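Only one structure is covered here, and it is reproduced in the block below.
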Amino acid sequence: SIASPVRLCARVMLWSLGFWWVRVDDRRRAEDRGVCRILTPNHHSIADAIWMIWYFGCGNLAKIEVRHMPFIGRIAAAFQTIFVDRRDPNSKHVTVDAIKHRAATFRWRWG
């Protein structure tokens with residue numbers, strides 16, 4: 001499964017950014033823990049996105065400009081990010097289809 005290496009890479013990245021210990025107050029029901037749902041959080045930095053990959057095991061969406069950023073773009077591509085071109089009118093439909101495909105084919109469970 002690709003989940004273990006991705007989770008390990010995300011944790012190493014958090015560690016290298018100075019996040020040695022991350023305290024989590026997980027308020028989900030016990031039966032929902034370990035199952036990734038669709039998350040739509042506001043985030044302030046790349047560290048927030050990396051943390052969500054590590055903790056929840058989620059796939060990401062990012063604007064297409066992120067793909068062209070040095071270093072960060074390669075990391076995002078390695079984490080199988082779905083890139084969205086906000087200037088393309090068809091992008092909305094392509095993105096929805098990609099999310100549906102990802103939800104149907106990926107069954108990552110942590111824990």
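Numbering starts fresh at 1 for the residues of each chain in the structure tokens, the chains themselves are lettered A, B, ... in the order given, and ligands are numbered from 1 as they appear.
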If we count only C-alpha atoms and set the cut-off at 9 Å, which residues sit around region 46-49 of chain A, ignoring sequence neighbours fewer than 6 positions away in its own chain? Please answer as a JSON list (two decimals) with C-alpha atoms, in the first residue's frame.
[["chain", "number", "residue", "atom", "x", "y", "z"],
["A", 13, "MET", "CA", 8.63, 16.71, 6.39],
["A", 14, "LEU", "CA", 6.81, 17.96, 9.49],
["A", 17, "LEU", "CA", 9.95, 21.95, 9.51],
["A", 19, "PHE", "CA", 7.08, 20.15, 14.27],
["A", 60, "ASN", "CA", -5.07, 17.07, -1.68],
["A", 72, "ILE", "CA", 7.01, 22.19, -3.44]]
ask   = Could you state the separation of CA of Lys92 (chain A) and CA of Pro70 (chain A) in Å, given to one decimal place?
value =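 About the pair CA of Lys92 (chain A) and CA of Pro70 (chain A): they are 25.5 Å apart.
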In Å and to one decimal, CA of Thr95 (chain A) is distant from CA of Phe56 (chain A) by 20.6 Å
note - CA of Ile50 (chain A) and CA of Thr81 (chain A) are separated by 11.5 Å
